[in-house]
Structures are given as C-alpha cells and as structure tokens.
$ cat start.txt   # compact mmCIF, C-alpha atoms and all ligand atoms
# COMPACT_ATOMS: atom_id res chain seq x y z
CA MET Z 1 116.99 122.28 82.16
CA VAL Z 2 118.73 119.93 79.75
CA SER Z 3 118.25 120.92 76.12
CA ASN Z 4 120.74 118.64 74.38
CA VAL Z 5 118.69 116.16 72.37
CA ASN Z 6 121.06 113.36 73.41
CA ASP Z 7 120.28 114.02 77.03
CA MET Z 8 116.52 114.37 76.81
CA LEU Z 9 115.98 110.76 77.88
CA ALA Z 10 118.73 110.63 80.51
CA VAL Z 11 117.68 109.89 84.07
CA ASN Z 12 119.47 109.36 87.34
CA ILE Z 13 117.69 106.95 89.66
CA ALA Z 14 119.21 106.96 93.13
CA GLY Z 15 122.66 107.50 91.64
CA ILE Z 16 122.22 105.01 88.78
CA LYS Z 17 122.79 107.00 85.59
CA MET Z 18 120.80 105.76 82.60
CA LYS Z 19 120.77 106.92 78.99
CA THR Z 20 117.06 106.23 78.79
CA PRO Z 21 114.39 105.71 81.43
CA VAL Z 22 113.48 102.30 79.99
CA MET Z 23 114.90 99.30 81.82
CA THR Z 24 114.29 95.58 81.27
CA ALA Z 25 112.23 93.92 84.01
CA SER Z 26 113.87 91.11 85.95
CA GLY Z 27 113.28 87.61 84.63
CA THR Z 28 112.14 88.75 81.21
CA PHE Z 29 115.49 89.58 79.58
CA GLY Z 30 117.61 86.78 81.02
CA PHE Z 31 121.02 88.12 81.98
CA GLY Z 32 120.94 90.43 78.95
CA LEU Z 33 123.59 88.43 77.08
CA GLU Z 34 120.94 86.11 75.64
CA TYR Z 35 119.60 89.14 73.75
CA SER Z 36 122.92 90.67 72.75
CA ASP Z 37 122.90 89.20 69.21
CA PHE Z 38 119.68 91.05 68.46
CA VAL Z 39 119.63 94.13 70.66
CA ASP Z 40 122.35 96.74 71.17
CA LEU Z 41 122.52 96.47 74.95
CA ASN Z 42 124.16 99.91 75.08
CA GLN Z 43 120.80 101.42 74.12
CA VAL Z 44 118.90 99.94 77.04
CA GLY Z 45 118.39 102.21 80.09
CA ALA Z 46 119.47 99.49 82.50
CA ILE Z 47 119.46 95.72 82.51
CA VAL Z 48 117.80 94.21 85.55
CA VAL Z 49 118.98 90.64 85.52
CA LYS Z 50 117.08 87.49 86.45
CA GLY Z 51 116.37 86.96 90.14
CA THR Z 52 119.63 85.72 91.66
CA THR Z 53 120.02 83.57 94.76
CA LEU Z 54 123.01 82.44 96.85
CA ALA Z 55 122.95 78.85 95.54
CA PRO Z 56 122.00 77.83 91.99
CA LYS Z 57 118.29 77.07 91.63
CA ALA Z 58 116.61 74.69 89.16
CA GLY Z 59 113.24 76.41 89.44
CA ASN Z 60 109.81 74.80 89.49
CA SER Z 61 108.94 71.58 87.69
CA GLY Z 62 106.18 70.98 85.16
CA ARG Z 63 104.81 73.59 82.82
CA ARG Z 64 106.07 77.04 83.83
CA MET Z 65 104.52 79.47 81.34
CA ALA Z 66 101.07 79.91 79.89
CA GLU Z 67 99.60 82.51 77.59
CA THR Z 68 96.29 84.07 78.60
CA PRO Z 69 94.21 86.73 76.85
CA ALA Z 70 96.20 89.98 77.14
CA GLY Z 71 98.77 88.52 79.50
CA MET Z 72 100.85 85.57 80.60
CA LEU Z 73 101.25 83.36 83.64
CA ASN Z 74 104.64 82.14 84.80
CA SER Z 75 105.91 80.00 87.63
CA ILE Z 76 109.61 79.85 86.85
CA GLY Z 77 110.53 79.56 90.53
CA LEU Z 78 113.64 81.75 90.31
CA GLU Z 79 115.73 79.43 88.16
CA ASN Z 80 119.24 80.91 88.11
CA PRO Z 81 122.89 79.79 88.22
CA GLY Z 82 123.58 81.35 91.63
CA VAL Z 83 125.47 84.47 92.66
CA GLU Z 84 129.01 83.07 92.22
CA GLU Z 85 128.39 82.09 88.59
CA PHE Z 86 126.90 85.54 88.04
CA ILE Z 87 129.95 87.30 89.51
CA HIS Z 88 132.61 85.14 87.85
CA THR Z 89 131.13 84.35 84.43
CA ILE Z 90 128.20 86.60 83.60
CA MET Z 91 129.15 90.00 85.05
CA PRO Z 92 132.57 90.17 83.30
CA ARG Z 93 130.79 89.74 79.96
CA LEU Z 94 128.10 92.29 80.82
CA ALA Z 95 130.77 94.78 81.95
CA LYS Z 96 131.86 95.19 78.32
CA TYR Z 97 128.66 97.09 77.62
CA ASP Z 98 128.02 100.70 78.58
CA VAL Z 99 124.82 99.91 80.46
CA PRO Z 100 124.08 99.78 84.18
CA VAL Z 101 123.48 96.26 85.45
CA ILE Z 102 121.08 95.89 88.34
CA VAL Z 103 120.89 92.55 90.12
CA ASN Z 104 117.53 91.34 91.36
CA ILE Z 105 118.19 89.39 94.58
CA SER Z 106 116.07 86.81 96.41
CA GLY Z 107 116.68 85.03 99.69
CA ASN Z 108 114.92 82.47 101.83
CA THR Z 109 115.78 84.39 104.98
CA VAL Z 110 116.55 88.00 105.86
CA GLU Z 111 120.19 86.99 106.41
CA GLU Z 112 120.44 85.50 102.92
CA TYR Z 113 119.39 88.83 101.41
CA GLY Z 114 122.18 90.47 103.42
CA GLN Z 115 124.75 87.89 102.26
CA LEU Z 116 123.79 88.44 98.64
CA ALA Z 117 124.08 92.21 99.06
CA ALA Z 118 127.54 91.91 100.65
CA ARG Z 119 128.74 89.50 97.95
CA LEU Z 120 127.61 91.75 95.09
CA ASP Z 121 129.26 94.88 96.50
CA LYS Z 122 132.23 96.06 94.43
CA THR Z 123 131.59 93.61 91.60
CA GLY Z 124 130.76 96.32 89.06
CA VAL Z 125 127.00 96.10 89.39
CA ALA Z 126 125.18 99.45 89.48
CA GLY Z 127 122.52 98.58 92.02
CA LEU Z 128 120.44 95.92 93.71
CA GLU Z 129 116.76 95.28 93.25
CA VAL Z 130 115.45 93.47 96.29
CA ASN Z 131 112.78 91.01 95.25
CA ILE Z 132 110.42 90.73 98.19
CA SER Z 133 107.58 90.00 95.85
CA CYS Z 134 108.09 86.75 93.96
CA PRO Z 135 104.89 84.68 93.95
CA ASN Z 136 106.60 81.55 92.64
CA VAL Z 137 108.74 80.34 95.52
CA LYS Z 138 107.41 78.59 98.58
CA GLN Z 139 109.87 80.10 101.05
CA GLY Z 140 110.69 83.77 101.25
CA GLY Z 141 109.81 85.96 98.32
CA ILE Z 142 106.28 87.19 98.57
CA ALA Z 143 106.02 86.40 102.27
CA PHE Z 144 108.39 89.31 102.90
CA GLY Z 145 106.59 91.56 100.45
CA THR Z 146 103.11 91.31 101.87
CA CYS Z 147 103.93 92.49 105.39
CA PRO Z 148 105.35 96.00 105.96
CA ASP Z 149 107.50 94.90 108.92
CA SER Z 150 109.23 92.00 107.16
CA ALA Z 151 109.64 94.03 103.97
CA ALA Z 152 111.34 96.76 106.01
CA GLN Z 153 113.50 94.20 107.81
CA VAL Z 154 114.84 92.84 104.50
CA VAL Z 155 115.59 96.32 103.17
CA ARG Z 156 117.34 97.35 106.41
CA GLU Z 157 119.52 94.23 106.29
CA VAL Z 158 120.45 94.80 102.63
CA LYS Z 159 121.23 98.48 103.26
CA ALA Z 160 123.50 97.52 106.15
CA LYS Z 161 125.52 95.17 103.92
CA THR Z 162 126.03 97.22 100.76
CA THR Z 163 127.08 100.61 99.48
CA LEU Z 164 125.08 100.07 96.29
CA PRO Z 165 121.76 101.82 95.61
CA VAL Z 166 118.94 99.60 96.84
CA ILE Z 167 115.65 99.35 94.97
CA ALA Z 168 112.81 97.59 96.82
CA LYS Z 169 110.53 95.70 94.43
CA LEU Z 170 106.98 95.63 95.70
CA SER Z 171 104.25 93.05 95.25
CA PRO Z 172 100.80 94.05 94.00
CA ASN Z 173 99.31 91.25 96.10
CA VAL Z 174 98.64 93.55 99.04
CA THR Z 175 95.73 95.62 100.30
CA ASP Z 176 97.56 98.93 100.78
CA ILE Z 177 100.49 99.57 98.43
CA ALA Z 178 101.16 103.04 99.91
CA LEU Z 179 101.77 101.44 103.31
CA MET Z 180 104.32 99.03 101.81
CA ALA Z 181 106.02 101.85 99.91
CA LYS Z 182 106.34 103.96 103.04
CA ALA Z 183 107.67 101.01 105.07
CA VAL Z 184 110.52 100.27 102.66
CA GLU Z 185 111.33 103.97 102.23
CA ALA Z 186 111.58 104.35 106.01
CA ALA Z 187 113.87 101.29 106.07
CA GLY Z 188 116.28 103.05 103.72
CA ALA Z 189 115.28 101.98 100.19
CA ASP Z 190 116.85 104.38 97.69
CA ALA Z 191 114.12 103.68 95.14
CA ILE Z 192 111.02 101.54 94.77
CA SER Z 193 109.99 99.42 91.82
CA LEU Z 194 106.54 98.02 91.18
CA ILE Z 195 104.68 95.98 90.27
CA ASN Z 196 105.79 92.39 90.40
CA THR Z 197 103.27 89.88 89.04
CA LEU Z 198 99.74 89.39 90.33
CA LEU Z 199 98.83 85.90 91.51
CA GLY Z 200 96.85 84.07 88.83
CA MET Z 201 95.70 80.67 87.64
CA ALA Z 202 94.57 78.91 84.47
CA ILE Z 203 92.75 75.57 84.12
CA ASP Z 204 92.76 73.19 81.14
CA ILE Z 205 89.10 72.32 80.53
CA HIS Z 206 90.04 69.15 78.65
CA THR Z 207 92.06 67.60 81.46
CA TRP Z 208 90.45 69.53 84.34
CA ARG Z 209 93.96 70.17 85.58
CA PRO Z 210 95.72 73.45 86.32
CA VAL Z 211 97.81 74.56 83.32
CA LEU Z 212 100.86 75.40 85.46
CA GLY Z 213 102.81 72.69 87.27
CA ASN Z 214 102.84 74.99 90.31
CA ILE Z 215 99.00 75.41 90.05
CA VAL Z 216 99.23 79.20 90.51
CA GLY Z 217 101.70 81.63 89.01
CA GLY Z 218 102.56 85.26 88.37
CA PHE Z 219 100.30 87.14 85.97
CA SER Z 220 101.83 89.91 83.84
CA GLY Z 221 101.36 91.72 80.54
CA PRO Z 222 98.93 94.29 79.11
CA ALA Z 223 96.02 93.03 81.22
CA VAL Z 224 97.71 94.14 84.46
CA LYS Z 225 98.52 97.68 83.30
CA PRO Z 226 95.58 99.54 84.88
CA VAL Z 227 96.31 97.86 88.23
CA ALA Z 228 100.02 98.64 87.97
CA LEU Z 229 99.39 102.24 86.97
CA ARG Z 230 97.04 102.77 89.91
CA MET Z 231 99.60 101.29 92.32
CA VAL Z 232 102.49 103.34 90.89
CA TRP Z 233 100.39 106.49 91.28
CA GLN Z 234 99.50 105.60 94.89
CA ALA Z 235 103.10 104.66 95.78
CA ALA Z 236 104.60 107.73 94.10
CA ASN Z 237 102.25 109.95 96.09
CA ALA Z 238 103.28 108.23 99.33
CA VAL Z 239 107.09 108.43 99.08
CA LYS Z 240 109.89 110.85 98.17
CA VAL Z 241 112.29 108.30 96.67
CA PRO Z 242 112.10 107.63 92.91
CA VAL Z 243 109.61 105.06 91.69
CA ILE Z 244 110.27 102.67 88.79
CA GLY Z 245 106.99 101.66 87.19
CA MET Z 246 106.21 98.44 85.38
CA GLY Z 247 103.35 96.12 84.56
CA GLY Z 248 102.06 95.67 81.04
CA ILE Z 249 104.17 98.31 79.30
CA MET Z 250 104.18 97.42 75.59
CA THR Z 251 104.44 100.85 73.93
CA ALA Z 252 105.86 104.32 74.49
CA ALA Z 253 102.33 105.55 75.24
CA ASP Z 254 102.10 103.02 78.09
CA ALA Z 255 105.45 104.22 79.46
CA VAL Z 256 104.35 107.87 79.28
CA GLU Z 257 101.25 106.97 81.31
CA PHE Z 258 103.46 105.47 84.03
CA MET Z 259 105.67 108.54 84.10
CA LEU Z 260 102.68 110.88 84.31
CA ALA Z 261 101.49 108.72 87.22
CA GLY Z 262 104.77 109.41 89.03
CA ALA Z 263 107.35 106.93 87.76
CA SER Z 264 110.84 108.39 87.19
CA ALA Z 265 111.79 105.33 85.10
CA VAL Z 266 109.96 102.32 83.73
CA ALA Z 267 110.69 98.69 82.95
CA VAL Z 268 109.36 96.46 80.19
CA GLY Z 269 108.87 92.79 80.98
CA THR Z 270 106.39 90.63 79.09
CA ALA Z 271 106.88 92.89 76.04
CA ASN Z 272 110.40 91.43 75.63
CA PHE Z 273 108.89 88.02 74.82
CA VAL Z 274 106.86 89.58 72.01
CA ASN Z 275 109.54 91.96 70.76
CA PRO Z 276 113.17 91.73 71.96
CA TYR Z 277 113.69 95.36 70.91
CA ALA Z 278 110.85 96.61 73.13
CA ALA Z 279 113.02 98.55 75.61
CA VAL Z 280 114.85 100.40 72.83
CA GLU Z 281 111.70 101.06 70.81
CA VAL Z 282 109.75 102.32 73.82
CA ALA Z 283 112.59 104.77 74.59
CA GLY Z 284 112.56 106.00 70.97
CA GLY Z 285 108.80 106.51 71.18
CA ILE Z 286 109.16 108.54 74.38
CA ARG Z 287 111.71 110.75 72.61
CA ASP Z 288 109.26 111.32 69.72
CA TYR Z 289 106.48 112.12 72.20
CA LEU Z 290 108.64 114.69 74.01
CA THR Z 291 109.69 116.29 70.73
CA GLU Z 292 106.10 116.49 69.46
CA ARG Z 293 105.05 118.25 72.66
CA GLY Z 294 108.00 120.64 72.71
CA LEU Z 295 109.46 119.12 75.89
CA ASN Z 296 113.19 118.66 76.27
CA GLN Z 297 113.62 116.36 79.25
CA VAL Z 298 111.73 113.22 80.18
CA SER Z 299 111.63 114.27 83.84
CA GLN Z 300 109.12 116.93 82.78
CA LEU Z 301 106.52 114.16 82.60
CA VAL Z 302 107.05 112.69 86.06
CA GLY Z 303 103.97 112.89 88.27
CA LYS Z 304 102.26 115.40 86.01
CA VAL Z 305 98.89 113.64 85.81
CA ASN Z 306 96.23 116.25 86.44
CA CYS Z 307 93.66 114.78 88.80
CA GLY Z 308 92.18 118.15 89.69
C1 LIG J 1 108.83 84.91 83.00
C2 LIG J 1 108.93 85.94 84.07
C3 LIG J 1 109.92 85.83 85.04
C4 LIG J 1 110.04 86.80 86.05
N1 LIG J 1 111.04 86.68 86.99
C5 LIG J 1 111.19 87.65 87.94
C6 LIG J 1 112.27 87.59 88.87
O1 LIG J 1 113.12 86.70 88.83
N2 LIG J 1 112.35 88.58 89.82
C7 LIG J 1 111.43 89.61 89.87
O2 LIG J 1 111.54 90.48 90.75
N3 LIG J 1 110.42 89.70 88.97
C8 LIG J 1 110.28 88.75 88.02
N4 LIG J 1 109.26 88.85 87.10
C9 LIG J 1 108.32 90.01 87.16
C10 LIG J 1 108.72 91.10 86.14
O3 LIG J 1 110.01 91.60 86.40
C11 LIG J 1 107.69 92.26 86.17
O4 LIG J 1 107.69 92.84 87.46
C12 LIG J 1 106.27 91.82 85.84
O5 LIG J 1 106.27 90.83 84.83
C13 LIG J 1 105.37 92.98 85.41
O6 LIG J 1 105.81 93.60 84.23
P1 LIG J 1 105.29 93.19 82.75
O7 LIG J 1 103.80 93.15 82.79
O8 LIG J 1 105.86 94.24 81.84
O9 LIG J 1 105.85 91.83 82.46
C14 LIG J 1 109.12 87.89 86.09
C15 LIG J 1 108.13 88.00 85.10
C16 LIG J 1 108.02 87.05 84.10
C17 LIG J 1 106.95 87.22 83.05

$ encode --input "start.txt" --output "structure tokens"
Amino acid sequence: MVSNVNDMLAVNIAGIKMKTPVMTASGTFGFGLEYSDFVDLNQVGAIVVKGTTLAPKAGNSGRRMAETPAGMLNSIGLENPGVEEFIHTIMPRLAKYDVPVIVNISGNTVEEYGQLAARLDKTGVAGLEVNISCPNVKQGGIAFGTCPDSAAQVVREVKAKTTLPVIAKLSPNVTDIALMAKAVEAAGADAISLINTLLGMAIDIHTWRPVLGNIVGGFSGPAVKPVALRMVWQAANAVKVPVIGMGGIMTAADAVEFMLAGASAVAVGTANFVNPYAAVEVAGGIRDYLTERGLNQVSQLVGKVNCG
C-alpha cells in the first residue's frame, strides 16, 4: 500500500506510469502544446494527442462543431498534420515535459494501422491508442470498431509492429460492448479505453438543414456520461486488462464514478473546451475525495461499486 501523499494518485496503466489517473482525451487537447501557456502539462496524467494518420489530413468541410444541451457534436474528420510532422516537430517539443504522451492512431486499412505503429516505435511516445471508433471518417475508423473480428485484426496488426503498450479505443455505437472488449483483449490489447463519441445529429429549424457539414457527428459531454459509465462497467467486468474510462467527465465526482465502475484511469474530453485546467482540477478533486475518506491510493476505488 502506498501511503506517501505524493503517490496517492499515481497509476501504472499497462506499463505507462502516470502521476495522476486523469488523462486528456484525444482530439480535445490538441497536441498538448496549444494548452501549454495555460496549463502545466507536467501535472496532467498523460496527454493523448489528436488522432494521427500516415498522411496529413484536412478534415471535414463545412461546420464541424455544434453545441447541444449538455453536450456537443463534432465532425472534425481527423484533421491532423500527419505522423512525420508529429515525430519531427511536435514530439521533440512535447518531450521536454515530464508527462507520458500517447498517440491516438487511425488508418484507412489494417496495414496502415500497422505502419503507423511501426513508425511511432522508439520515438519517445509512451503508448499508442488505437482509434477503431471514429464516427467522422468515411473509410476505416468506426467500421473497424463495430465488428469484433475487424477490431481484433487491427489490434493484432498493431501489436505485431510495436513494442509500445497498445490501448484499444472502443466505440459506444455497438450492441454488446463486452463482446468488443473481449475481442480486443484476446487480440493482445494491453488496455482498453472507452467511450468514443456516440453518433448524433442536429437540425437548424430555420434553414431545415443539418447543423453539421457532415450531417451526423460524434456526440460527447455530460449528456453521454450515464451511457459511458454503463459501458465502462460492462467492459471492466468482461476483461482483465486495465480500462480507461471517459465520456462526459467534468468533475472529480464524475471521475470517481468511473473508477468505482472499474476504470483504472480516466480521460477528460469535452471538459477541456469549457475549462483548460479540467484534467488538473479533476485530479486535485480526486485527491481531496481520497483524503476525506481516509484512503491513500486511488487504486482503492477501482471496481468497488457495490451492486449487491
Ligand atoms: C472535438 C473532438 C475531437 C475528437 N477527436 C478524436 C480523435 O481524433 N480520436 C479519438 O479517438 N477520439 C476523438 N474524440 C473523442 C474523445 O476523445 C472522447 O472519447 C469523447 O469525446 C468522450 O469524452 P468526453 O465526453 O469527455 O468528451 C474527439 C472528441 C471531440 C469532442
């Protein structure tokens, strides 16, 4: 048991050592550097960078974000500068911080996922998050994440091409999340993260047109939390590998719920748009919660929901 107050928030997820269990969710914190003038990046559990592809991607056209009651819709379409720019320009700047950097990777084919994994090996990144769940790209993405066989195929390919810890990011747009979790665990995933966004839509009643240029987009934020929590609980009960929970976490209380449901770490996404300090503040709130309850290590919360 760890009793040092400095260590009470420390977690180790599949070999990735973090000072706090609170990560930033991919696509919501840029490449971290955009926030570095405001937030001490050293205090974030881990930075999961924007979805990265082999070639640079301009993303979707038209309007790409919309606010909805208690949530937001986005259809960014994986805009990113490509893996080479990440390795040569972005990673050297991120390496100056004492924070694990996890790269969220997306491919159009199984082979592309493998190529990305091979390219990112030995570049200083701490792990890979395999995005098989993006609802905003026509090829790849969610197609892999809604079928256990193709999800497993992607994870197997990535595992074969890297020595880095591999986190499989699951889509909520499935019937049986436990089945997906088991499939990627069997394929070798070292950890599982969930949830990515739910598919959603908004319509402008003045123009009778969809609000998003892409018509549909990914729905995230506080409104999705009960769905995410239920899925994290189901997935955590189905697998042995650590689960990283996300979906609507705005406060430390939200994060504690996810950990009680079985998450060993959490990520904040939409919250970063409201409050750039969210990941640091949520971690501080978890520390206060542990102290108030006389607990000395955050792992004491994991999976402790009493459903009896
Ligand atoms: C604007 C935006 C961009 C996102 N881009 C990505 C991405 O590139 N890759 C990915 O795996 N998830 C992406 N996500 C999903 C988030 O990482 C997260 O899984 C989801 O938003 C749920 O968490 P939240 O409710 O805390 O935002 C994106 C979400 C938003 C809002």

$ residues_near_point --input "start.txt" --point "(96.2, 70.7, 83.6)" --cutoff "12 Å" --atoms "all atoms listed in the file" --output "list in words"
Gly62, Arg63, Arg64, Ala66, Met201, Ala202, Ile203, Asp204, Ile205, His206, Thr207, Trp208, Arg209, Pro210, Val211, Leu212, Gly213, Asn214, Ile215 and Val216 of chain Z

$ residues_near_ligand --input "start.txt" --ligand "ligand LIG 1 (chain J)" --cutoff "8 Å" --atoms "all atoms listed in the file" --output "PyMOL selection string"
chain Z and resi 24-28+49-52+65+71-79+104-106+129-134+169+194-197+218-225+246-250+267-271

$ atom_distance --input "start.txt" --atom1 "CA of Val22 in chain Z" --atom2 "CA of Val280 in chain Z"
7.5 Å

$ closest_residue --input "start.txt" --among "Z:Pro21, Z:Pro226, Z:Gly114, Z:Gly188" --to "Arg287 in chain Z" --atoms "only C-alpha atoms"
Z:Pro21

$ closest_residue --input "start.txt" --among "Z:Phe86, Z:Tyr97, Z:Phe258, Z:Tyr289" --to "Ala235 in chain Z" --atoms "all atoms listed in the file"
Z:Phe258

$ atom_distance --input "start.txt" --atom1 "CA of Leu164 in chain Z" --atom2 "CA of Gly262 in chain Z"
23.5 Å

$ residues_around --input "start.txt" --residues "Ile102 in chain Z" --least-positions-apart "3" --cutoff "8 Å" --atoms "all atoms listed in the file" --output "list of chain:residue names"
Z:Ala46, Z:Ile47, Z:Val48, Z:Val49, Z:Val125, Z:Ala126, Z:Gly127, Z:Leu128, Z:Glu129

$ closest_residue --input "start.txt" --among "Z:Ala236, Z:Ala278, Z:Ala265, Z:Val158" --to "Asp40 in chain Z" --atoms "all atoms listed in the file"
Z:Ala278

$ residues_around --input "start.txt" --residues "Ala238 in chain Z" --least-positions-apart "5" --cutoff "7 Å" --atoms "only C-alpha atoms" --output "list in words"
Ala178, Ala181 and Lys182 of chain Z

$ atom_distance --input "start.txt" --atom1 "CA of Ala151 in chain Z" --atom2 "CA of Asn272 in chain Z"
28.5 Å

$ closest_residue --input "start.txt" --among "Z:Val83, Z:Val166, Z:Cys147, Z:Ala95" --to "Leu33 in chain Z" --atoms "only C-alpha atoms"
Z:Ala95

$ residues_around --input "start.txt" --residues "Val110 in chain Z" --least-positions-apart "4" --cutoff "8 Å" --atoms "all atoms listed in the file" --output "PyMOL selection string"
chain Z and resi 114+153-154+157

$ residues_around --input "start.txt" --residues "Asn237 in chain Z" --least-positions-apart "5" --cutoff "12 Å" --atoms "only C-alpha atoms" --output "MDAnalysis selection string"
chainID Z and resid 177:179 181:182 230:232 242:243 260:263 302:305

$ write_last_selection --input "start.txt" --atoms "C-alpha atoms" --output "CSV table (one decimal), in the coordinates of the input"
chain,number,residue,atom,x,y,z
Z,177,ILE,CA,100.5,99.6,98.4
Z,178,ALA,CA,101.2,103.0,99.9
Z,179,LEU,CA,101.8,101.4,103.3
Z,181,ALA,CA,106.0,101.8,99.9
Z,182,LYS,CA,106.3,104.0,103.0
Z,230,ARG,CA,97.0,102.8,89.9
Z,231,MET,CA,99.6,101.3,92.3
Z,232,VAL,CA,102.5,103.3,90.9
Z,242,PRO,CA,112.1,107.6,92.9
Z,243,VAL,CA,109.6,105.1,91.7
Z,260,LEU,CA,102.7,110.9,84.3
Z,261,ALA,CA,101.5,108.7,87.2
Z,262,GLY,CA,104.8,109.4,89.0
Z,263,ALA,CA,107.4,106.9,87.8
Z,302,VAL,CA,107.0,112.7,86.1
Z,303,GLY,CA,104.0,112.9,88.3
Z,304,LYS,CA,102.3,115.4,86.0
Z,305,VAL,CA,98.9,113.6,85.8

$ closest_residue --input "start.txt" --among "Z:Ala255, Z:Gly32, Z:Ala118, Z:Gly59" --to "Lys161 in chain Z" --atoms "all atoms listed in the file"
Z:Ala118

$ residues_around --input "start.txt" --residues "Ile87 in chain Z" --least-positions-apart "6" --cutoff "9 Å" --atoms "all atoms listed in the file" --output "list of chain:residue names"
Z:Arg119, Z:Leu120, Z:Thr123

$ build_atoms --input "start.txt" --residues "range 26-52 of chain Z" --atoms "N, CA and C atoms" --output "JSON list (two decimals), keeping the file's coordinate frame"
[["chain", "number", "residue", "atom", "x", "y", "z"],
["Z", 26, "SER", "N", 113.19, 92.35, 85.55],
["Z", 26, "SER", "CA", 113.87, 91.11, 85.95],
["Z", 26, "SER", "C", 113.10, 89.86, 85.50],
["Z", 27, "GLY", "N", 113.86, 88.90, 85.00],
["Z", 27, "GLY", "CA", 113.28, 87.61, 84.63],
["Z", 27, "GLY", "C", 112.73, 87.56, 83.22],
["Z", 28, "THR", "N", 112.73, 88.71, 82.55],
["Z", 28, "THR", "CA", 112.14, 88.75, 81.21],
["Z", 28, "THR", "C", 113.17, 89.04, 80.13],
["Z", 29, "PHE", "N", 114.43, 89.22, 80.53],
["Z", 29, "PHE", "CA", 115.49, 89.58, 79.58],
["Z", 29, "PHE", "C", 116.74, 88.76, 79.93],
["Z", 30, "GLY", "N", 116.51, 87.64, 80.60],
["Z", 30, "GLY", "CA", 117.61, 86.78, 81.02],
["Z", 30, "GLY", "C", 118.67, 87.56, 81.78],
["Z", 31, "PHE", "N", 119.93, 87.32, 81.41],
["Z", 31, "PHE", "CA", 121.02, 88.12, 81.98],
["Z", 31, "PHE", "C", 121.49, 89.14, 80.94],
["Z", 32, "GLY", "N", 120.62, 89.43, 79.98],
["Z", 32, "GLY", "CA", 120.94, 90.43, 78.95],
["Z", 32, "GLY", "C", 121.72, 89.82, 77.79],
["Z", 33, "LEU", "N", 122.70, 88.98, 78.12],
["Z", 33, "LEU", "CA", 123.59, 88.43, 77.08],
["Z", 33, "LEU", "C", 122.82, 87.60, 76.06],
["Z", 34, "GLU", "N", 121.76, 86.94, 76.53],
["Z", 34, "GLU", "CA", 120.94, 86.11, 75.64],
["Z", 34, "GLU", "C", 120.36, 86.95, 74.49],
["Z", 35, "TYR", "N", 120.22, 88.24, 74.74],
["Z", 35, "TYR", "CA", 119.60, 89.14, 73.75],
["Z", 35, "TYR", "C", 120.63, 89.92, 72.94],
["Z", 36, "SER", "N", 121.92, 89.77, 73.29],
["Z", 36, "SER", "CA", 122.92, 90.67, 72.75],
["Z", 36, "SER", "C", 123.16, 90.50, 71.25],
["Z", 37, "ASP", "N", 122.77, 89.37, 70.66],
["Z", 37, "ASP", "CA", 122.90, 89.20, 69.21],
["Z", 37, "ASP", "C", 121.86, 90.02, 68.45],
["Z", 38, "PHE", "N", 120.78, 90.36, 69.13],
["Z", 38, "PHE", "CA", 119.68, 91.05, 68.46],
["Z", 38, "PHE", "C", 119.60, 92.52, 68.85],
["Z", 39, "VAL", "N", 119.86, 92.79, 70.12],
["Z", 39, "VAL", "CA", 119.63, 94.13, 70.66],
["Z", 39, "VAL", "C", 120.97, 94.75, 71.05],
["Z", 40, "ASP", "N", 121.16, 96.02, 70.70],
["Z", 40, "ASP", "CA", 122.35, 96.74, 71.17],
["Z", 40, "ASP", "C", 122.12, 97.08, 72.65],
["Z", 41, "LEU", "N", 122.76, 96.31, 73.52],
["Z", 41, "LEU", "CA", 122.52, 96.47, 74.95],
["Z", 41, "LEU", "C", 122.89, 97.87, 75.44],
["Z", 42, "ASN", "N", 123.76, 98.55, 74.69],
["Z", 42, "ASN", "CA", 124.16, 99.91, 75.08],
["Z", 42, "ASN", "C", 123.00, 100.90, 74.99],
["Z", 43, "GLN", "N", 121.94, 100.50, 74.29],
["Z", 43, "GLN", "CA", 120.80, 101.42, 74.12],
["Z", 43, "GLN", "C", 119.68, 101.18, 75.13],
["Z", 44, "VAL", "N", 119.91, 100.22, 76.02],
["Z", 44, "VAL", "CA", 118.90, 99.94, 77.04],
["Z", 44, "VAL", "C", 119.22, 100.82, 78.26],
["Z", 45, "GLY", "N", 118.16, 101.34, 78.93],
["Z", 45, "GLY", "CA", 118.39, 102.21, 80.09],
["Z", 45, "GLY", "C", 119.18, 101.51, 81.18],
["Z", 46, "ALA", "N", 118.76, 100.34, 81.54],
["Z", 46, "ALA", "CA", 119.47, 99.49, 82.50],
["Z", 46, "ALA", "C", 118.97, 98.07, 82.31],
["Z", 47, "ILE", "N", 119.87, 97.13, 82.56],
["Z", 47, "ILE", "CA", 119.46, 95.72, 82.51],
["Z", 47, "ILE", "C", 119.26, 95.24, 83.94],
["Z", 48, "VAL", "N", 118.04, 94.83, 84.24],
["Z", 48, "VAL", "CA", 117.80, 94.21, 85.55],
["Z", 48, "VAL", "C", 117.81, 92.71, 85.31],
["Z", 49, "VAL", "N", 118.78, 92.05, 85.86],
["Z", 49, "VAL", "CA", 118.98, 90.64, 85.52],
["Z", 49, "VAL", "C", 118.01, 89.74, 86.29],
["Z", 50, "LYS", "N", 117.95, 88.50, 85.84],
["Z", 50, "LYS", "CA", 117.08, 87.49, 86.45],
["Z", 50, "LYS", "C", 117.33, 87.39, 87.96],
["Z", 51, "GLY", "N", 116.27, 87.12, 88.70],
["Z", 51, "GLY", "CA", 116.37, 86.96, 90.14],
["Z", 51, "GLY", "C", 117.51, 86.01, 90.49],
["Z", 52, "THR", "N", 118.43, 86.47, 91.34],
["Z", 52, "THR", "CA", 119.63, 85.72, 91.66],
["Z", 52, "THR", "C", 119.62, 85.33, 93.14]]
